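Have a look at work07.cif; it's mmCIF, C-alpha atoms; chains and numbers go by the auth columns:
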data_structure
#
loop_
_atom_site.group_PDB
_atom_site.id
_atom_site.type_symbol
_atom_site.label_atom_id
_atom_site.label_comp_id
_atom_site.label_asym_id
_atom_site.label_seq_id
_atom_site.Cartn_x
_atom_site.Cartn_y
_atom_site.Cartn_z
_atom_site.B_iso_or_equiv
_atom_site.auth_seq_id
_atom_site.auth_asym_id
ATOM 1 C CA MET A 1 186.253 -4.989 -111.962 0.00 10 A
ATOM 2 C CA LYS A 2 183.805 -7.710 -110.825 0.00 11 A
ATOM 3 C CA THR A 3 186.660 -9.821 -109.450 0.00 12 A
ATOM 4 C CA ALA A 4 187.978 -6.926 -107.341 0.00 13 A
ATOM 5 C CA MET A 5 184.493 -6.298 -105.952 0.00 14 A
ATOM 6 C CA ILE A 6 184.029 -9.981 -105.063 0.00 15 A
ATOM 7 C CA THR A 7 187.453 -10.015 -103.403 0.00 16 A
ATOM 8 C CA ARG A 8 186.535 -6.978 -101.278 0.00 17 A
ATOM 9 C CA ILE A 9 183.245 -8.567 -100.274 0.00 18 A
ATOM 10 C CA GLY A 10 185.144 -11.729 -99.346 0.00 19 A
ATOM 11 C CA TYR A 11 187.553 -9.758 -97.144 0.00 20 A
ATOM 12 C CA LEU A 12 184.615 -7.947 -95.552 0.00 21 A
ATOM 13 C CA LEU A 13 182.847 -11.235 -94.734 0.00 22 A
ATOM 14 C CA VAL A 14 186.039 -12.716 -93.261 0.00 23 A
ATOM 15 C CA GLY A 15 186.475 -9.561 -91.151 0.00 24 A
ATOM 16 C CA ILE A 16 182.901 -9.770 -89.863 0.00 25 A
ATOM 17 C CA PHE A 17 183.385 -13.448 -89.022 0.00 26 A
ATOM 18 C CA LEU A 18 186.610 -12.722 -87.104 0.00 27 A
ATOM 19 C CA LEU A 19 184.991 -9.831 -85.239 0.00 28 A
ATOM 20 C CA GLY A 20 182.146 -12.130 -84.198 0.00 29 A
ATOM 21 C CA ALA A 21 184.626 -14.727 -82.958 0.00 30 A
ATOM 22 C CA VAL A 22 186.483 -12.115 -80.908 0.00 31 A
ATOM 23 C CA LEU A 23 183.252 -10.769 -79.392 0.00 32 A
ATOM 24 C CA ALA A 24 182.073 -14.300 -78.535 0.00 33 A
ATOM 25 C CA SER A 25 185.321 -15.001 -76.722 0.00 34 A
ATOM 26 C CA CYS A 26 184.811 -11.837 -74.640 0.00 35 A
ATOM 27 C CA GLU A 27 181.623 -13.189 -73.051 0.00 36 A
ATOM 28 C CA SER A 28 181.951 -13.574 -69.306 0.00 37 A
ATOM 29 C CA THR A 29 183.114 -16.887 -67.986 0.00 38 A
ATOM 30 C CA PRO A 30 181.073 -18.662 -65.327 0.00 39 A
ATOM 31 C CA GLY A 31 181.869 -18.268 -61.665 0.00 40 A
ATOM 32 C CA GLU A 32 181.451 -20.564 -58.703 0.00 41 A
ATOM 33 C CA VAL A 33 179.864 -20.666 -55.292 0.00 42 A
ATOM 34 C CA SER A 34 181.057 -22.510 -52.233 0.00 43 A
ATOM 35 C CA GLY A 35 180.254 -22.405 -48.560 0.00 44 A
ATOM 36 C CA ALA A 36 178.537 -24.131 -45.697 0.00 45 A
ATOM 37 C CA ILE A 37 175.057 -24.578 -44.300 0.00 46 A
ATOM 38 C CA LYS A 38 174.905 -25.072 -40.514 0.00 47 A
ATOM 39 C CA TYR A 39 172.255 -25.617 -37.888 0.00 48 A
ATOM 40 C CA ALA A 40 172.058 -23.041 -35.090 0.00 49 A
ATOM 41 C CA ASP A 41 173.972 -25.439 -32.803 0.00 50 A
ATOM 42 C CA GLY A 42 176.909 -25.515 -35.257 0.00 51 A
ATOM 43 C CA ARG A 43 176.311 -28.958 -36.774 0.00 52 A
ATOM 44 C CA GLY A 44 176.589 -29.253 -40.538 0.00 53 A
ATOM 45 C CA ALA A 45 173.317 -29.478 -42.455 0.00 54 A
ATOM 46 C CA SER A 46 173.146 -31.825 -45.442 0.00 55 A
ATOM 47 C CA VAL A 47 170.643 -29.996 -47.664 0.00 56 A
ATOM 48 C CA LYS A 48 169.912 -29.230 -51.293 0.00 57 A
ATOM 49 C CA ILE A 49 170.933 -25.706 -52.344 0.00 58 A
ATOM 50 C CA VAL A 50 169.235 -24.090 -55.351 0.00 59 A
ATOM 51 C CA LEU A 51 170.298 -20.819 -57.004 0.00 60 A
ATOM 52 C CA THR A 52 167.529 -19.156 -59.001 0.00 61 A
ATOM 53 C CA SER A 53 167.948 -16.072 -61.210 0.00 62 A
ATOM 54 C CA THR A 54 165.785 -12.978 -60.858 0.00 63 A
ATOM 55 C CA ALA A 55 163.920 -14.274 -63.930 0.00 64 A
ATOM 56 C CA GLY A 56 163.044 -17.462 -62.003 0.00 65 A
ATOM 57 C CA VAL A 57 165.453 -19.733 -63.887 0.00 66 A
ATOM 58 C CA GLU A 58 167.379 -22.328 -61.888 0.00 67 A
ATOM 59 C CA ALA A 59 171.086 -21.712 -62.523 0.00 68 A
ATOM 60 C CA TRP A 60 172.591 -24.340 -60.210 0.00 69 A
ATOM 61 C CA SER A 61 171.634 -26.875 -57.595 0.00 70 A
ATOM 62 C CA GLY A 62 173.782 -29.052 -55.419 0.00 71 A
ATOM 63 C CA THR A 63 173.866 -30.793 -52.066 0.00 72 A
ATOM 64 C CA SER A 64 175.977 -29.999 -49.054 0.00 73 A
ATOM 65 C CA ASP A 65 177.838 -32.873 -47.402 0.00 74 A
ATOM 66 C CA THR A 66 177.283 -34.041 -43.806 0.00 75 A
ATOM 67 C CA ASP A 67 179.480 -31.161 -42.584 0.00 76 A
ATOM 68 C CA GLY A 68 177.253 -28.724 -44.498 0.00 77 A
ATOM 69 C CA VAL A 69 180.004 -27.900 -47.023 0.00 78 A
ATOM 70 C CA PHE A 70 179.323 -27.497 -50.758 0.00 79 A
ATOM 71 C CA TYR A 71 181.068 -26.354 -53.942 0.00 80 A
ATOM 72 C CA SER A 72 179.599 -25.723 -57.389 0.00 81 A
ATOM 73 C CA GLY A 73 182.663 -25.637 -59.615 0.00 82 A
ATOM 74 C CA LYS A 74 182.976 -22.946 -62.310 0.00 83 A
ATOM 75 C CA VAL A 75 179.547 -23.547 -63.812 0.00 84 A
ATOM 76 C CA VAL A 76 177.344 -20.708 -62.536 0.00 85 A
ATOM 77 C CA PRO A 77 176.721 -17.870 -65.011 0.00 86 A
ATOM 78 C CA ALA A 78 177.530 -14.416 -63.655 0.00 87 A
ATOM 79 C CA GLY A 79 174.554 -12.784 -61.967 0.00 88 A
ATOM 80 C CA THR A 80 172.587 -12.366 -58.761 0.00 89 A
ATOM 81 C CA TYR A 81 170.715 -15.406 -57.476 0.00 90 A
ATOM 82 C CA LYS A 82 168.111 -16.159 -54.826 0.00 91 A
ATOM 83 C CA VAL A 83 169.159 -19.010 -52.539 0.00 92 A
ATOM 84 C CA THR A 84 166.614 -21.679 -51.576 0.00 93 A
ATOM 85 C CA LEU A 85 167.280 -24.666 -49.331 0.00 94 A
ATOM 86 C CA PHE A 86 165.471 -28.013 -49.333 0.00 95 A
ATOM 87 C CA LYS A 87 165.437 -31.107 -47.132 0.00 96 A
ATOM 88 C CA GLY A 88 166.329 -34.457 -48.675 0.00 97 A
ATOM 89 C CA ASP A 89 162.648 -35.175 -49.343 0.00 98 A
ATOM 90 C CA GLY A 90 162.269 -31.928 -51.311 0.00 99 A
ATOM 91 C CA THR A 91 160.513 -29.953 -48.587 0.00 100 A
ATOM 92 C CA PRO A 92 161.606 -26.292 -48.548 0.00 101 A
ATOM 93 C CA ILE A 93 163.520 -25.192 -45.457 0.00 102 A
ATOM 94 C CA ALA A 94 162.463 -21.903 -43.897 0.00 103 A
ATOM 95 C CA HIS A 95 165.439 -19.543 -43.729 0.00 104 A
ATOM 96 C CA GLU A 96 166.293 -15.873 -43.908 0.00 105 A
ATOM 97 C CA ALA A 97 166.021 -14.577 -47.489 0.00 106 A
ATOM 98 C CA LYS A 98 169.468 -14.698 -49.042 0.00 107 A
ATOM 99 C CA THR A 99 170.982 -13.754 -52.398 0.00 108 A
ATOM 100 C CA VAL A 100 174.437 -14.413 -53.780 0.00 109 A
ATOM 101 C CA ASP A 101 176.326 -12.455 -56.452 0.00 110 A
ATOM 102 C CA ILE A 102 178.387 -14.537 -58.863 0.00 111 A
ATOM 103 C CA ARG A 103 181.029 -12.568 -60.758 0.00 112 A
ATOM 104 C CA PRO A 104 182.623 -13.731 -64.014 0.00 113 A
ATOM 105 C CA ASP A 105 185.379 -16.216 -63.163 0.00 114 A
ATOM 106 C CA GLY A 106 184.905 -15.379 -59.469 0.00 115 A
ATOM 107 C CA THR A 107 184.133 -17.317 -56.315 0.00 116 A
ATOM 108 C CA ALA A 108 181.242 -16.362 -54.042 0.00 117 A
ATOM 109 C CA THR A 109 181.127 -17.703 -50.499 0.00 118 A
ATOM 110 C CA LEU A 110 177.764 -18.513 -48.985 0.00 119 A
ATOM 111 C CA LEU A 111 177.493 -19.181 -45.242 0.00 120 A
ATOM 112 C CA MET A 112 174.029 -19.819 -43.842 0.00 121 A
ATOM 113 C CA THR A 113 172.528 -20.928 -40.558 0.00 122 A
ATOM 114 C CA ILE A 114 169.134 -22.659 -40.501 0.00 123 A
#
Show me the file's structure as structure tokens.
Amino acid sequence: MKTAMITRIGYLLVGIFLLGAVLASCESTPGEVSGAIKYADGRGASVKIVLTSTAGVEAWSGTSDTDGVFYSGKVVPAGTYKVTLFKGDGTPIAHEAKTVDIRPDGTATLLMTI
């Protein structure tokens, strides 16, 4: 009788473990953001781009190239982010308030003029 009870408990624990593994694999995969930052005259702007969550946590930062083009790769957790731009020396760049929505395994395009 004790052996049967232990066996059932063992099966139950294995089932719970497998359910946890399945639920963990269902978590959303990161997305990516790409785009370009341009000056009003059309020239590319080489700037630092920072995505910050609504909770104030930096999710990603990167730098655009001399043509203003950037790409994050699939590393940004799904969510809505505030976009902030900085000069090379770390000085914030004044720009229109902008947010970007990153979807699980999706690509968001961000085009901005400063």
Residues matched by the PyMOL selection byres ((chain A and resi 89) around 8) as a PyMOL selection string: chain A and resi 62-63+87-88+90-91+108-111
When the PyMOL selection byres ((chain A and resi 115) around 9) is applied to the file above, which residues end up in the set, as a PDB file with C-alpha atoms, in the frame of the given file?
ATOM      1  CA  THR A  38     183.114 -16.887 -67.986  1.00  0.00           C
ATOM      2  CA  PRO A  39     181.073 -18.662 -65.327  1.00  0.00           C
ATOM      3  CA  GLY A  40     181.869 -18.268 -61.665  1.00  0.00           C
ATOM      4  CA  GLU A  41     181.451 -20.564 -58.703  1.00  0.00           C
ATOM      5  CA  VAL A  42     179.864 -20.666 -55.292  1.00  0.00           C
ATOM      6  CA  LYS A  83     182.976 -22.946 -62.310  1.00  0.00           C
ATOM      7  CA  ALA A  87     177.530 -14.416 -63.655  1.00  0.00           C
ATOM      8  CA  ILE A 111     178.387 -14.537 -58.863  1.00  0.00           C
ATOM      9  CA  ARG A 112     181.029 -12.568 -60.758  1.00  0.00           C
ATOM     10  CA  PRO A 113     182.623 -13.731 -64.014  1.00  0.00           C
ATOM     11  CA  ASP A 114     185.379 -16.216 -63.163  1.00  0.00           C
ATOM     12  CA  THR A 116     184.133 -17.317 -56.315  1.00  0.00           C
ATOM     13  CA  ALA A 117     181.242 -16.362 -54.042  1.00  0.00           C
TER      14      ALA A 117
END
If we draw a sphere of 10 Å around (165.1, -28.2, -54.7), which residues have at least one atom in it when counting all atoms listed in the file? Please report them as a list in words. Val56, Lys57, Ile58, Val59, Leu60, Glu67, Ser70, Gly71, Thr72, Thr93, Leu94, Phe95, Lys96, Gly97, Asp98, Gly99, Thr100, Pro101 and Ile102 of chain A
Next on the checklist: Taking all atoms listed in the file into account, name the residue in A:Ala106, A:Ser37, A:Ala45, A:Thr122 that is nearest to Val84 in chain A.
Outcome noted: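 Comparing A:Ala106, A:Ser37, A:Ala45, A:Thr122 against Val84 in chain A, the winner is A:Ser37.
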Find the residues near Met121 in chain A: any atom within 9 Å, counting all atoms listed in the file, skip ones fewer than 3 places away on the same chain, and give them as a compact mmCIF listing (two decimals) with C-alpha atoms, in the coordinates of the input.
# COMPACT_ATOMS: atom_id res chain seq x y z
CA GLY A 44 180.25 -22.40 -48.56
CA ALA A 45 178.54 -24.13 -45.70
CA ILE A 46 175.06 -24.58 -44.30
CA LYS A 47 174.90 -25.07 -40.51
CA TYR A 48 172.26 -25.62 -37.89
CA HIS A 104 165.44 -19.54 -43.73
CA GLU A 105 166.29 -15.87 -43.91
CA LYS A 107 169.47 -14.70 -49.04
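Reported to one decimal place, the separation of CA of Ser55 in chain A from CA of Pro86 in chain A is 24.3 Å.
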Size and centre in Å, one decimal, axis-aligned box, all listed range 107-114 of chain A atoms plus 8 Å per side, as JSON:
{"center_x": 177.4, "center_y": -14.3, "center_z": -56.5, "size_x": 31.9, "size_y": 19.8, "size_z": 31.0}
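Between CA of Gly65 in chain A and CA of Ser43 in chain A the interatomic distance comes to 21.1 Å.
Counting all atoms listed in the file and comparing A:Thr61, A:Arg52, A:Thr118, A:Val92, the residue that lies closest to Thr75 in chain A is A:Arg52.
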Original post:
Which distance in Å separates CA of Gly53 in chain A and CA of Leu120 in chain A, to one decimal?
Top reply: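 These atoms are spaced 11.2 Å apart.
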